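Student: Provided below: target-v3.txt, containing compact mmCIF, C-alpha atoms.
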# COMPACT_ATOMS: atom_id res chain seq x y z
CA MET C 1 10.52 -39.19 32.10
CA LYS C 2 10.59 -42.34 30.00
CA PHE C 3 9.01 -42.11 26.56
CA ARG C 4 7.36 -44.94 24.68
CA ARG C 5 8.64 -45.56 21.15
CA SER C 6 5.47 -44.15 19.56
CA GLU C 7 5.87 -40.96 21.60
CA ARG C 8 9.55 -40.70 20.70
CA LEU C 9 8.83 -41.11 17.01
CA VAL C 10 6.21 -38.35 17.00
CA ASP C 11 8.28 -35.90 19.01
CA MET C 12 11.53 -36.68 17.17
CA THR C 13 9.87 -36.23 13.79
CA ASN C 14 8.38 -32.92 14.87
CA TYR C 15 11.76 -31.72 16.17
CA LEU C 16 13.56 -32.60 12.96
CA LEU C 17 10.91 -30.92 10.79
CA GLU C 18 11.17 -27.75 12.88
CA HIS C 19 14.98 -27.69 12.67
CA PRO C 20 15.85 -28.42 9.00
CA GLY C 21 19.53 -28.36 8.13
CA GLN C 22 20.56 -28.48 11.80
CA LEU C 23 22.94 -31.20 12.97
CA VAL C 24 21.35 -32.98 15.93
CA SER C 25 23.43 -35.41 17.97
CA LEU C 26 22.21 -38.81 19.10
CA THR C 27 23.20 -37.78 22.61
CA PHE C 28 20.68 -34.92 22.47
CA PHE C 29 17.84 -37.30 21.60
CA ALA C 30 19.03 -39.95 24.07
CA GLU C 31 18.97 -37.44 26.93
CA ARG C 32 15.72 -35.89 25.74
CA TYR C 33 13.88 -39.23 25.89
CA SER C 34 16.00 -41.02 28.54
CA SER C 35 16.69 -43.76 26.01
CA ALA C 36 19.71 -45.71 24.81
CA LYS C 37 21.48 -44.47 21.67
CA SER C 38 20.80 -47.83 20.03
CA SER C 39 17.06 -47.24 20.44
CA ILE C 40 17.41 -43.70 19.05
CA SER C 41 19.28 -45.07 16.03
CA GLU C 42 16.46 -47.53 15.33
CA ASP C 43 13.89 -44.73 15.61
CA LEU C 44 15.86 -42.54 13.21
CA THR C 45 16.00 -45.40 10.71
CA ILE C 46 12.20 -45.61 10.76
CA ILE C 47 11.86 -41.84 10.31
CA LYS C 48 14.45 -41.81 7.52
CA GLU C 49 12.66 -44.56 5.57
CA THR C 50 9.28 -42.84 5.98
CA PHE C 51 10.65 -39.45 4.92
CA GLU C 52 12.21 -40.93 1.79
CA GLN C 53 9.16 -43.00 0.85
CA ARG C 54 6.81 -40.02 1.21
CA GLY C 55 9.17 -37.54 -0.43
CA ILE C 56 9.32 -35.46 2.75
CA GLY C 57 13.09 -35.32 2.73
CA SER C 58 16.11 -37.23 3.90
CA LEU C 59 18.14 -37.71 7.07
CA ASN C 60 21.86 -37.30 6.52
CA THR C 61 24.05 -39.08 9.06
CA VAL C 62 27.33 -37.51 10.14
CA PRO C 63 29.60 -40.08 11.86
CA GLY C 64 31.98 -39.43 14.72
CA ALA C 65 31.83 -38.03 18.23
CA ALA C 66 30.65 -34.64 16.96
CA GLY C 67 28.25 -36.19 14.47
CA GLY C 68 24.53 -36.77 14.40
CA VAL C 69 21.66 -36.47 11.93
CA LYS C 70 20.47 -33.62 9.76
CA TYR C 71 17.05 -33.28 8.12
CA ILE C 72 17.20 -32.11 4.49
CA VAL C 73 13.89 -30.95 3.02
CA ASN C 74 12.51 -32.46 -0.19
CA VAL C 75 9.19 -32.68 -2.03
CA ASN C 76 7.22 -35.45 -3.65
CA ARG C 77 7.58 -34.69 -7.37
CA GLY C 78 4.07 -35.83 -8.25
CA GLU C 79 2.50 -33.77 -5.50
CA ALA C 80 4.62 -30.74 -6.42
CA LYS C 81 3.56 -30.96 -10.07
CA GLY C 82 -0.07 -31.29 -9.06
CA PHE C 83 0.22 -28.24 -6.81
CA ILE C 84 1.85 -26.13 -9.54
CA ASP C 85 -0.77 -27.21 -12.09
CA GLU C 86 -3.55 -26.18 -9.69
CA LEU C 87 -1.81 -22.87 -9.04
CA CYS C 88 -1.61 -22.30 -12.81
CA ARG C 89 -5.35 -22.86 -13.02
CA VAL C 90 -5.97 -20.35 -10.23
CA ILE C 91 -3.69 -17.72 -11.78
CA ALA C 92 -5.30 -18.17 -15.22
CA SER C 93 -8.65 -16.93 -13.93
CA PRO C 94 -9.76 -13.90 -16.03
CA GLU C 95 -10.79 -12.06 -12.85
CA ARG C 96 -7.09 -11.67 -12.00
CA LEU C 97 -6.40 -9.44 -14.98
CA LEU C 98 -5.68 -5.83 -14.05
CA PRO C 99 -5.32 -2.76 -16.29
CA GLY C 100 -1.99 -2.73 -18.09
CA GLY C 101 -1.78 -6.51 -18.27
CA TYR C 102 -0.85 -6.96 -14.61
CA LEU C 103 -2.11 -9.87 -12.52
CA TYR C 104 -3.70 -9.74 -9.08
CA MET C 105 -1.54 -12.00 -6.87
CA THR C 106 -2.06 -10.55 -3.39
CA ASP C 107 -4.50 -13.24 -2.28
CA ILE C 108 -2.11 -16.00 -3.35
CA LEU C 109 0.86 -14.42 -1.60
CA GLY C 110 -1.31 -13.87 1.47
CA ASP C 111 -2.47 -17.47 1.78
CA PRO C 112 -0.27 -19.26 4.37
CA GLN C 113 -0.74 -22.77 2.96
CA THR C 114 0.09 -21.70 -0.60
CA VAL C 115 3.13 -19.71 0.46
CA ASN C 116 4.26 -22.57 2.70
CA THR C 117 4.08 -25.08 -0.14
CA VAL C 118 5.80 -22.76 -2.63
CA GLY C 119 8.56 -22.18 -0.09
CA ARG C 120 9.03 -25.89 0.44
CA ILE C 121 9.22 -26.59 -3.30
CA ILE C 122 11.80 -23.87 -3.85
CA ALA C 123 13.81 -24.88 -0.78
CA ALA C 124 13.97 -28.48 -2.00
CA ALA C 125 15.78 -27.36 -5.16
CA TYR C 126 18.54 -25.72 -3.09
CA ALA C 127 18.58 -27.88 0.04
CA LYS C 128 21.81 -29.67 -0.94
CA LYS C 129 23.62 -26.46 -1.87
CA ARG C 130 25.29 -24.07 0.51
CA VAL C 131 22.83 -21.27 1.23
CA ASP C 132 23.56 -18.88 4.10
CA VAL C 133 20.95 -16.20 3.48
CA ILE C 134 17.72 -15.62 1.55
CA MET C 135 17.47 -12.21 -0.13
CA THR C 136 14.37 -10.56 -1.54
CA MET C 137 13.05 -7.16 -2.54
CA ALA C 138 10.36 -5.40 -0.53
CA THR C 139 7.50 -6.07 -0.48
CA LYS C 140 5.56 -8.87 -2.21
CA GLY C 141 8.45 -11.31 -2.23
CA ILE C 142 8.84 -11.19 1.55
CA PRO C 143 6.34 -13.99 2.44
CA LEU C 144 7.97 -16.35 -0.07
CA ALA C 145 11.45 -15.48 1.17
CA TYR C 146 10.55 -16.30 4.76
CA SER C 147 8.91 -19.56 3.74
CA VAL C 148 12.01 -20.69 1.83
CA ALA C 149 14.22 -19.51 4.70
CA HIS C 150 12.21 -21.62 7.16
CA TYR C 151 12.87 -24.83 5.22
CA LEU C 152 16.55 -24.02 4.75
CA ASN C 153 16.86 -22.70 8.32
CA VAL C 154 18.66 -19.50 7.29
CA PRO C 155 17.96 -15.77 7.83
CA VAL C 156 16.30 -13.33 5.42
CA VAL C 157 17.60 -9.96 4.24
CA ILE C 158 15.35 -7.45 2.49
CA ALA C 159 16.53 -4.90 -0.07
CA ARG C 160 14.45 -1.73 -0.23
CA ARG C 161 14.06 1.27 -2.50
CA ASP C 162 14.47 3.80 0.30
CA ASN C 163 16.40 4.18 3.54
CA LYS C 164 14.83 3.24 6.87
CA VAL C 165 16.16 4.89 10.02
CA THR C 166 15.89 1.53 11.80
CA GLU C 167 18.29 -0.07 9.29
CA GLY C 168 21.31 2.01 10.29
CA SER C 169 24.05 2.58 7.72
CA THR C 170 23.21 1.23 4.27
CA VAL C 171 24.81 0.36 0.95
CA SER C 172 22.93 1.68 -2.09
CA ILE C 173 23.18 1.05 -5.82
CA ASN C 174 21.41 2.30 -8.92
CA TYR C 175 19.98 -0.24 -11.31
CA VAL C 176 17.94 -0.25 -14.51
CA SER C 177 14.41 -1.59 -14.19
CA GLY C 178 14.15 -4.19 -16.93
CA SER C 179 10.48 -3.54 -17.65
CA LEU C 180 10.23 0.21 -17.00
CA LYS C 181 13.70 1.06 -18.35
CA ARG C 182 14.15 3.55 -15.53
CA ILE C 183 17.03 4.12 -13.14
CA GLN C 184 15.99 3.08 -9.64
CA THR C 185 17.72 2.82 -6.28
CA MET C 186 18.17 -0.24 -4.10
CA VAL C 187 19.51 -0.15 -0.52
CA LEU C 188 20.54 -2.77 2.02
CA SER C 189 21.69 -2.38 5.60
CA LYS C 190 25.44 -2.86 6.10
CA ARG C 191 24.74 -5.08 9.10
CA SER C 192 22.37 -7.43 7.30
CA LEU C 193 24.82 -9.39 5.14
CA ALA C 194 28.23 -10.79 6.07
CA GLU C 195 31.05 -10.76 3.55
CA GLY C 196 31.37 -14.07 1.70
CA SER C 197 27.77 -15.18 2.32
CA ASN C 198 26.13 -17.54 -0.16
CA VAL C 199 22.84 -15.87 -1.04
CA LEU C 200 19.70 -17.30 -2.64
CA ILE C 201 17.54 -14.59 -4.23
CA VAL C 202 13.79 -15.25 -4.02
CA ASP C 203 11.07 -13.11 -5.62
CA ASP C 204 7.40 -13.42 -6.51
CA PHE C 205 7.52 -12.23 -10.13
CA MET C 206 10.21 -11.68 -12.74
CA LYS C 207 9.59 -9.90 -16.01
CA ALA C 208 12.80 -8.67 -17.60
CA GLY C 209 14.79 -9.34 -14.45
CA GLY C 210 15.93 -5.79 -13.71
CA THR C 211 15.14 -5.99 -10.00
CA VAL C 212 16.75 -9.40 -9.63
CA ASN C 213 19.80 -8.19 -11.55
CA GLY C 214 19.94 -5.22 -9.19
CA MET C 215 20.04 -7.56 -6.20
CA VAL C 216 22.87 -9.50 -7.85
CA SER C 217 24.80 -6.24 -8.24
CA LEU C 218 24.12 -5.41 -4.60
CA LEU C 219 25.65 -8.74 -3.56
CA GLU C 220 28.87 -7.72 -5.28
CA GLU C 221 29.07 -4.66 -3.03
CA PHE C 222 29.05 -7.00 -0.03
CA LYS C 223 31.48 -9.44 -1.65
CA ALA C 224 28.80 -12.09 -1.31
CA THR C 225 28.23 -15.06 -3.63
CA LEU C 226 25.08 -15.79 -5.60
CA ALA C 227 23.81 -19.27 -4.69
CA GLY C 228 20.81 -19.11 -7.05
CA ILE C 229 17.71 -17.24 -8.17
CA ALA C 230 14.18 -18.57 -7.66
CA VAL C 231 10.89 -16.92 -8.62
CA LEU C 232 7.27 -17.96 -8.34
CA VAL C 233 6.24 -16.56 -11.74
CA GLU C 234 8.34 -15.57 -14.74
CA SER C 235 7.14 -13.73 -17.81
CA GLU C 236 8.10 -15.77 -20.87
CA LYS C 237 7.90 -12.97 -23.42
CA ALA C 238 10.05 -10.43 -21.60
CA ASP C 239 12.28 -8.63 -24.09
CA GLU C 240 15.99 -8.50 -23.35
CA ARG C 241 15.86 -10.53 -20.15
CA LEU C 242 18.73 -9.54 -17.89
CA VAL C 243 18.87 -12.87 -16.00
CA ASP C 244 19.55 -16.24 -17.58
CA ASP C 245 20.16 -18.78 -14.82
CA TYR C 246 17.12 -19.05 -12.53
CA THR C 247 14.41 -21.40 -11.28
CA SER C 248 10.71 -20.67 -11.84
CA LEU C 249 7.60 -22.52 -10.76
CA ILE C 250 5.17 -20.88 -13.20
CA LYS C 251 5.63 -19.31 -16.62
CA LEU C 252 3.34 -16.54 -17.83
CA SER C 253 3.34 -16.92 -21.60
CA GLY C 254 0.76 -14.36 -22.60
CA VAL C 255 -1.96 -11.95 -21.50
CA ASN C 256 -4.75 -10.73 -23.79
CA GLU C 257 -6.57 -7.81 -22.23
CA LYS C 258 -9.17 -7.74 -24.99
CA ASP C 259 -10.15 -11.39 -24.57
CA LYS C 260 -9.30 -11.36 -20.86
CA SER C 261 -7.21 -14.49 -21.29
CA ILE C 262 -4.17 -15.45 -19.24
CA ASN C 263 -1.89 -18.20 -20.50
CA VAL C 264 0.25 -19.89 -17.85
CA ALA C 265 2.14 -23.16 -17.61
CA GLN C 266 4.73 -24.89 -15.46
CA GLY C 267 8.02 -23.06 -15.23
CA ASN C 268 11.47 -24.60 -15.58
CA TYR C 269 11.53 -26.19 -12.10
CA PHE C 270 11.25 -29.72 -13.49
CA ALA C 271 13.35 -29.07 -16.60
CA ALA C 272 16.30 -31.02 -15.20
CA GLU C 273 14.29 -34.23 -14.87
When written as C-alpha cells, how does the structure in this file appear?
Tutor:
Amino acid sequence: MKFRRSERLVDMTNYLLEHPGQLVSLTFFAERYSSAKSSISEDLTIIKETFEQRGIGSLNTVPGAAGGVKYIVNVNRGEAKGFIDELCRVIASPERLLPGGYLYMTDILGDPQTVNTVGRIIAAAYAKKRVDVIMTMATKGIPLAYSVAHYLNVPVVIARRDNKVTEGSTVSINYVSGSLKRIQTMVLSKRSLAEGSNVLIVDDFMKAGGTVNGMVSLLEEFKATLAGIAVLVESEKADERLVDDYTSLIKLSGVNEKDKSINVAQGNYFAAE
C-alpha cells in the first residue's frame, strides 16, 4: 500500500513518539510505507524541525548501514514552568492539609494527564544519559516511575517493604527512615535488576531522604550504578537530609497547621539554566 506524504508524516511521528530511545532504520520506514529512502529522509527532516521548534524532542541520526534515527524526549521550558507553577497552586490548597502536616496527593498521582506530564518533564532531564532501569518504592511512586519509564523506554523495578511470593528470591537491606528515625526493611527481587545496570530512582515525595538513600544502598547489593534521583516534591526544611544530588519539580518550604497554609515553589529542576 502506497502512503501519501501527509499519511506518512502522521504515522511516522506517532511511531517515533511511541518508541522513544529506540533506533529505527530508514529501511524499516521505507518498507513500511513502500517509499524511497530519500523520501523518508525528507519526511524525517520535517519531523525533526517540528519537534525541535515545539520543544517535543529531537531526532538523533546514526549513520551507517546499521544506523537510523532515534527520538529523544524533551519539553518546552516555558510550558514546563507553567505546568509546575499550576501544580504548585493546586498543592498549596489548604484543603490538602492532613493531620501531622502531611499533604493529600492521591488525586494528583491518580490523574493520568498530570502523571504523564510529570513523567515527561523528569524524563527530559535524563534523556541524554544512560538509564537502563527506573526504580521506585511501593506504592505512591509507582505511577510516576512508569510514566518516566515510558518516555525513556526502559523497564521499572519496585522495591517493597515485605516479601511477595510472586517475586521469588529477594535481596533485603535495613535502612534508617530519615523522617521517622526507625530501622525499616527494603526488599527487591533478585531477578528484577541485572548487575551493572544504570538506575534512575524516581519517587513522589522526599523529606529527609531515608527511603531514597535505602534504594541507593540496595543498588550497591546488585552492583548497579546510580544514574540519578528525581522526585516530584521535596521538603525544604528536612533536618539532616541524607541525599544531596537530586532533581525536584516542587519544593515544600513550610506547612502551618494552625493557619492551614502550605508554602510551595518550584524545585531545583531549572536551577541549571
Student: Around (20.0, -32.9, 6.8) in the file's own coordinates, what residues are found within 12 Å if you use all atoms listed in the file, given back as an NGL selection string?
Tutor: :C and (16-25 or 48 or 51 or 56-62 or 67-74 or 124 or 127-129 or 151-153)
Student: When distances are computed from all atoms listed in the file, which of C:Val264, C:Leu232, C:Ile46, C:Pro155 shows the smallest separation from Gly119 (chain C)?
Tutor: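 Using all atoms listed in the file, Gly119 (chain C) sits closest to C:Leu232.
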Student: When you count only C-alpha atoms, which of these residues is closest to Ile201 (chain C): C:Tyr269, C:Phe29, C:Tyr246, C:Phe222?
Tutor: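 Distance minimum relative to Ile201 (chain C) lands on C:Tyr246.
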Student: CA of Ala271 (chain C) and CA of Val118 (chain C), how far apart in Å?
Tutor: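 Taking CA of Val118 (chain C) and CA of Ala271 (chain C), their separation equals 17.1 Å.
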Student: Given only C-alpha atoms as the basis, pick out the residue of C:Ile229, C:Leu97, C:Met135, C:Ala36 nearest to Asn256 (chain C).
Tutor: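 Using only C-alpha atoms, Asn256 (chain C) sits closest to C:Leu97.
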Student: Work out how far apart CA of Gly101 (chain C) and CA of Val255 (chain C) are and give it in Å to one decimal.
Tutor: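 CA of Gly101 (chain C) sits 6.3 Å away from CA of Val255 (chain C).
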